[in-house]
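Heads up, work-v4.txt below (compact mmCIF, N, CA, C and O atoms):
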```
# COMPACT_ATOMS: atom_id res chain seq x y z
N MET G 27 0.81 -1.19 0.00
CA MET G 27 0.00 0.00 0.00
C MET G 27 0.86 1.26 0.00
O MET G 27 0.46 2.26 -0.55
N ALA G 28 2.02 1.21 0.61
CA ALA G 28 2.86 2.40 0.69
C ALA G 28 3.38 2.80 -0.68
O ALA G 28 3.65 3.97 -0.92
N LEU G 29 3.54 1.84 -1.57
CA LEU G 29 4.05 2.14 -2.90
C LEU G 29 3.00 2.77 -3.80
O LEU G 29 3.33 3.33 -4.84
N THR G 30 1.76 2.70 -3.43
CA THR G 30 0.69 3.23 -4.27
C THR G 30 0.81 4.74 -4.44
O THR G 30 0.66 5.27 -5.53
N ALA G 31 1.10 5.45 -3.37
CA ALA G 31 1.22 6.90 -3.43
C ALA G 31 2.39 7.31 -4.33
O ALA G 31 2.29 8.27 -5.09
N ALA G 32 3.48 6.59 -4.25
CA ALA G 32 4.64 6.91 -5.07
C ALA G 32 4.32 6.71 -6.55
O ALA G 32 4.71 7.53 -7.39
N ARG G 33 3.60 5.64 -6.87
CA ARG G 33 3.24 5.39 -8.26
C ARG G 33 2.30 6.46 -8.79
O ARG G 33 2.42 6.92 -9.91
N ALA G 34 1.35 6.86 -7.96
CA ALA G 34 0.41 7.89 -8.37
C ALA G 34 1.13 9.21 -8.61
O ALA G 34 0.82 9.95 -9.54
N LEU G 35 2.12 9.52 -7.79
CA LEU G 35 2.89 10.74 -7.95
C LEU G 35 3.67 10.71 -9.26
O LEU G 35 3.72 11.70 -9.98
N LEU G 36 4.24 9.57 -9.59
CA LEU G 36 4.99 9.45 -10.83
C LEU G 36 4.08 9.60 -12.04
O LEU G 36 4.45 10.20 -13.05
N ARG G 37 2.86 9.06 -11.95
CA ARG G 37 1.94 9.16 -13.07
C ARG G 37 1.48 10.59 -13.31
O ARG G 37 1.29 11.01 -14.43
N THR G 38 1.28 11.34 -12.25
CA THR G 38 0.74 12.69 -12.41
C THR G 38 1.80 13.73 -12.75
O THR G 38 1.47 14.81 -13.17
N ARG G 39 3.06 13.41 -12.59
CA ARG G 39 4.12 14.38 -12.90
C ARG G 39 4.16 14.74 -14.37
O ARG G 39 4.40 15.87 -14.74
N GLY G 40 3.94 13.78 -15.23
CA GLY G 40 4.02 14.02 -16.66
C GLY G 40 2.81 14.71 -17.25
O GLY G 40 2.85 15.18 -18.37
N ARG G 41 1.73 14.78 -16.52
CA ARG G 41 0.50 15.36 -17.04
C ARG G 41 0.31 16.80 -16.58
O ARG G 41 0.67 17.16 -15.47
N ALA G 42 -0.28 17.55 -17.43
CA ALA G 42 -0.67 18.91 -17.03
C ALA G 42 -2.05 18.80 -16.39
O ALA G 42 -2.95 18.15 -16.93
N THR G 43 -2.20 19.40 -15.25
CA THR G 43 -3.50 19.32 -14.58
C THR G 43 -4.44 20.34 -15.18
O THR G 43 -4.05 21.47 -15.48
N ARG G 44 -5.68 19.92 -15.36
CA ARG G 44 -6.70 20.82 -15.88
C ARG G 44 -7.26 21.65 -14.75
O ARG G 44 -7.51 21.13 -13.67
N PRO G 45 -7.48 22.91 -14.99
CA PRO G 45 -8.11 23.72 -13.94
C PRO G 45 -9.57 23.31 -13.76
O PRO G 45 -10.24 22.95 -14.73
N ARG G 46 -10.03 23.34 -12.54
CA ARG G 46 -11.42 22.99 -12.26
C ARG G 46 -12.32 24.10 -12.73
O ARG G 46 -12.01 25.27 -12.57
N ARG G 47 -13.44 23.71 -13.29
CA ARG G 47 -14.39 24.72 -13.75
C ARG G 47 -15.18 25.24 -12.57
O ARG G 47 -15.63 24.48 -11.73
N THR G 48 -15.33 26.52 -12.53
CA THR G 48 -16.13 27.13 -11.49
C THR G 48 -17.30 27.84 -12.15
O THR G 48 -17.28 28.15 -13.33
N GLY G 49 -18.32 28.09 -11.38
CA GLY G 49 -19.46 28.78 -11.94
C GLY G 49 -20.71 27.93 -11.84
O GLY G 49 -20.75 26.91 -11.16
N ARG G 50 -21.70 28.38 -12.57
CA ARG G 50 -22.98 27.70 -12.50
C ARG G 50 -23.15 26.70 -13.63
O ARG G 50 -22.57 26.85 -14.70
N ARG G 51 -23.94 25.69 -13.37
CA ARG G 51 -24.25 24.68 -14.36
C ARG G 51 -25.27 25.25 -15.35
O ARG G 51 -26.11 26.05 -14.99
N HIS G 52 -25.22 24.79 -16.56
CA HIS G 52 -26.21 25.19 -17.55
C HIS G 52 -27.58 24.67 -17.12
O HIS G 52 -27.70 23.55 -16.62
N PRO G 53 -28.62 25.47 -17.28
CA PRO G 53 -29.96 25.04 -16.83
C PRO G 53 -30.42 23.73 -17.46
O PRO G 53 -31.10 22.93 -16.81
N LEU G 54 -30.04 23.48 -18.70
CA LEU G 54 -30.44 22.23 -19.35
C LEU G 54 -29.77 21.03 -18.68
O LEU G 54 -30.41 19.99 -18.48
N VAL G 55 -28.53 21.18 -18.30
CA VAL G 55 -27.81 20.10 -17.61
C VAL G 55 -28.46 19.84 -16.25
O VAL G 55 -28.68 18.68 -15.87
N ALA G 56 -28.79 20.89 -15.54
CA ALA G 56 -29.44 20.72 -14.24
C ALA G 56 -30.79 20.05 -14.38
O ALA G 56 -31.17 19.20 -13.58
N THR G 57 -31.51 20.40 -15.43
CA THR G 57 -32.82 19.77 -15.67
C THR G 57 -32.65 18.29 -15.98
O THR G 57 -33.40 17.45 -15.46
N LEU G 58 -31.67 17.96 -16.80
CA LEU G 58 -31.43 16.56 -17.13
C LEU G 58 -31.00 15.75 -15.91
O LEU G 58 -31.27 14.55 -15.81
N MET G 59 -30.34 16.41 -14.96
CA MET G 59 -29.95 15.72 -13.73
C MET G 59 -31.17 15.50 -12.83
O MET G 59 -31.24 14.51 -12.10
N ALA G 60 -32.13 16.41 -12.86
CA ALA G 60 -33.28 16.32 -11.97
C ALA G 60 -34.39 15.42 -12.52
O ALA G 60 -35.21 14.93 -11.74
N LEU G 61 -34.43 15.20 -13.82
CA LEU G 61 -35.51 14.42 -14.41
C LEU G 61 -35.59 12.98 -13.89
O LEU G 61 -36.70 12.49 -13.64
N PRO G 62 -34.48 12.26 -13.73
CA PRO G 62 -34.61 10.90 -13.18
C PRO G 62 -35.23 10.88 -11.78
O PRO G 62 -36.04 10.01 -11.47
N LEU G 63 -34.88 11.84 -10.95
CA LEU G 63 -35.47 11.90 -9.62
C LEU G 63 -36.96 12.22 -9.70
O LEU G 63 -37.76 11.65 -8.96
N ALA G 64 -37.32 13.10 -10.61
CA ALA G 64 -38.73 13.42 -10.78
C ALA G 64 -39.52 12.20 -11.25
O ALA G 64 -40.63 11.95 -10.76
N ALA G 65 -38.94 11.42 -12.16
CA ALA G 65 -39.62 10.20 -12.62
C ALA G 65 -39.74 9.18 -11.49
O ALA G 65 -40.78 8.52 -11.35
N LEU G 66 -38.71 9.08 -10.67
CA LEU G 66 -38.77 8.17 -9.52
C LEU G 66 -39.86 8.59 -8.54
O LEU G 66 -40.62 7.76 -8.04
N LEU G 67 -39.94 9.88 -8.27
CA LEU G 67 -40.99 10.37 -7.38
C LEU G 67 -42.38 10.10 -7.95
O LEU G 67 -43.31 9.78 -7.21
N LEU G 68 -42.50 10.22 -9.26
CA LEU G 68 -43.79 9.93 -9.90
C LEU G 68 -44.18 8.48 -9.70
O LEU G 68 -45.33 8.16 -9.38
N LEU G 69 -43.22 7.58 -9.85
CA LEU G 69 -43.51 6.16 -9.68
C LEU G 69 -43.77 5.78 -8.23
O LEU G 69 -44.67 5.02 -7.92
N VAL G 70 -42.97 6.31 -7.32
CA VAL G 70 -43.08 5.93 -5.91
C VAL G 70 -44.32 6.52 -5.26
O VAL G 70 -45.06 5.82 -4.58
N PHE G 71 -44.56 7.80 -5.49
CA PHE G 71 -45.68 8.45 -4.82
C PHE G 71 -46.92 8.55 -5.69
O PHE G 71 -47.97 8.99 -5.23
N ASP G 72 -46.80 8.17 -6.96
CA ASP G 72 -47.93 8.09 -7.87
C ASP G 72 -48.73 9.38 -7.92
O ASP G 72 -49.94 9.40 -7.70
N GLY G 73 -48.05 10.47 -8.20
CA GLY G 73 -48.78 11.72 -8.31
C GLY G 73 -48.00 12.79 -9.02
O GLY G 73 -46.78 12.90 -8.89
N TRP G 74 -48.71 13.60 -9.80
CA TRP G 74 -48.09 14.70 -10.52
C TRP G 74 -47.72 15.83 -9.59
O TRP G 74 -46.84 16.62 -9.89
N ASN G 75 -48.41 15.92 -8.45
CA ASN G 75 -48.15 17.00 -7.50
C ASN G 75 -46.71 16.93 -7.00
O ASN G 75 -46.03 17.95 -6.88
N THR G 76 -46.23 15.74 -6.71
CA THR G 76 -44.86 15.58 -6.22
C THR G 76 -43.85 15.96 -7.29
O THR G 76 -42.85 16.62 -7.01
N VAL G 77 -44.13 15.57 -8.53
CA VAL G 77 -43.23 15.90 -9.63
C VAL G 77 -43.22 17.40 -9.86
O VAL G 77 -42.16 18.00 -10.06
N ALA G 78 -44.37 18.03 -9.79
CA ALA G 78 -44.45 19.48 -9.98
C ALA G 78 -43.71 20.20 -8.86
O ALA G 78 -43.02 21.20 -9.10
N ARG G 79 -43.82 19.69 -7.64
CA ARG G 79 -43.11 20.31 -6.51
C ARG G 79 -41.60 20.19 -6.69
O ARG G 79 -40.85 21.13 -6.42
N GLN G 80 -41.14 19.03 -7.16
CA GLN G 80 -39.71 18.83 -7.38
C GLN G 80 -39.20 19.76 -8.49
O GLN G 80 -38.14 20.38 -8.36
N ALA G 81 -39.96 19.87 -9.56
CA ALA G 81 -39.55 20.75 -10.67
C ALA G 81 -39.53 22.21 -10.20
O ALA G 81 -38.64 22.98 -10.59
N SER G 82 -40.46 22.56 -9.36
CA SER G 82 -40.49 23.92 -8.83
C SER G 82 -39.25 24.18 -7.96
O SER G 82 -38.64 25.26 -8.01
N SER G 83 -38.87 23.20 -7.16
CA SER G 83 -37.68 23.35 -6.31
C SER G 83 -36.43 23.51 -7.15
O SER G 83 -35.55 24.32 -6.83
N VAL G 84 -36.32 22.74 -8.23
CA VAL G 84 -35.16 22.86 -9.11
C VAL G 84 -35.14 24.24 -9.75
O VAL G 84 -34.09 24.88 -9.86
N GLY G 85 -36.30 24.72 -10.16
CA GLY G 85 -36.38 26.05 -10.75
C GLY G 85 -35.95 27.13 -9.77
O GLY G 85 -35.27 28.09 -10.15
N GLU G 86 -36.32 26.98 -8.51
CA GLU G 86 -35.92 27.95 -7.50
C GLU G 86 -34.42 27.91 -7.26
O GLU G 86 -33.78 28.94 -7.06
N MET G 87 -33.84 26.69 -7.27
CA MET G 87 -32.39 26.58 -7.09
C MET G 87 -31.64 27.24 -8.24
O MET G 87 -30.55 27.77 -8.05
N LEU G 88 -32.22 27.18 -9.44
CA LEU G 88 -31.59 27.80 -10.60
C LEU G 88 -31.81 29.30 -10.65
O LEU G 88 -31.22 29.98 -11.46
N GLY G 89 -32.65 29.79 -9.78
CA GLY G 89 -32.89 31.22 -9.72
C GLY G 89 -33.90 31.68 -10.75
O GLY G 89 -33.88 32.82 -11.19
N ARG G 90 -34.78 30.82 -11.16
CA ARG G 90 -35.79 31.17 -12.16
C ARG G 90 -37.11 31.45 -11.49
O ARG G 90 -37.48 30.95 -10.52
```
Entire entry expressed as structure tokens:
Amino acid sequence: MALTAARALLRTRGRATRPRRTGRRHPLVATLMALPLAALLLLVFDGWNTVARQASSVGEMLGR
């Protein structure tokens, strides 16, 4: 196990690290991430009200 860190260090030395992206996610990406949860809520709780509430919460998080 002690050799694992040394190997990882050797592998990363040759690569240029990419800067992490900061900022907000595109609204379409956020919607696509929330849709599976909305479908699950529809199946589990069997109601459009729950799906509408979830979509409203996502819209509020996006600032819309």
Tell me which protein, DNA and RNA residues are within 8 Å of stretch 80-85 of chain G, counting all atoms listed in the file, leaving out same-chain ones fewer than 3 positions away, and put them as JSON, numbers by chain. {"G": [53, 56, 57, 60, 63, 64, 74, 75, 76, 77, 88, 89, 90]}
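The gap separating atom O of G:Val55 from atom CA of G:Val70 is 21.7 Å, in Å to one decimal.
Here atom N of G:Glu86 is placed at a distance of 24.5 Å from atom C of G:Arg46.
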Could you tell me how far atom N of G:Leu67 lies from atom CA of G:Met87, in Å and to one decimal? 18.4 Å
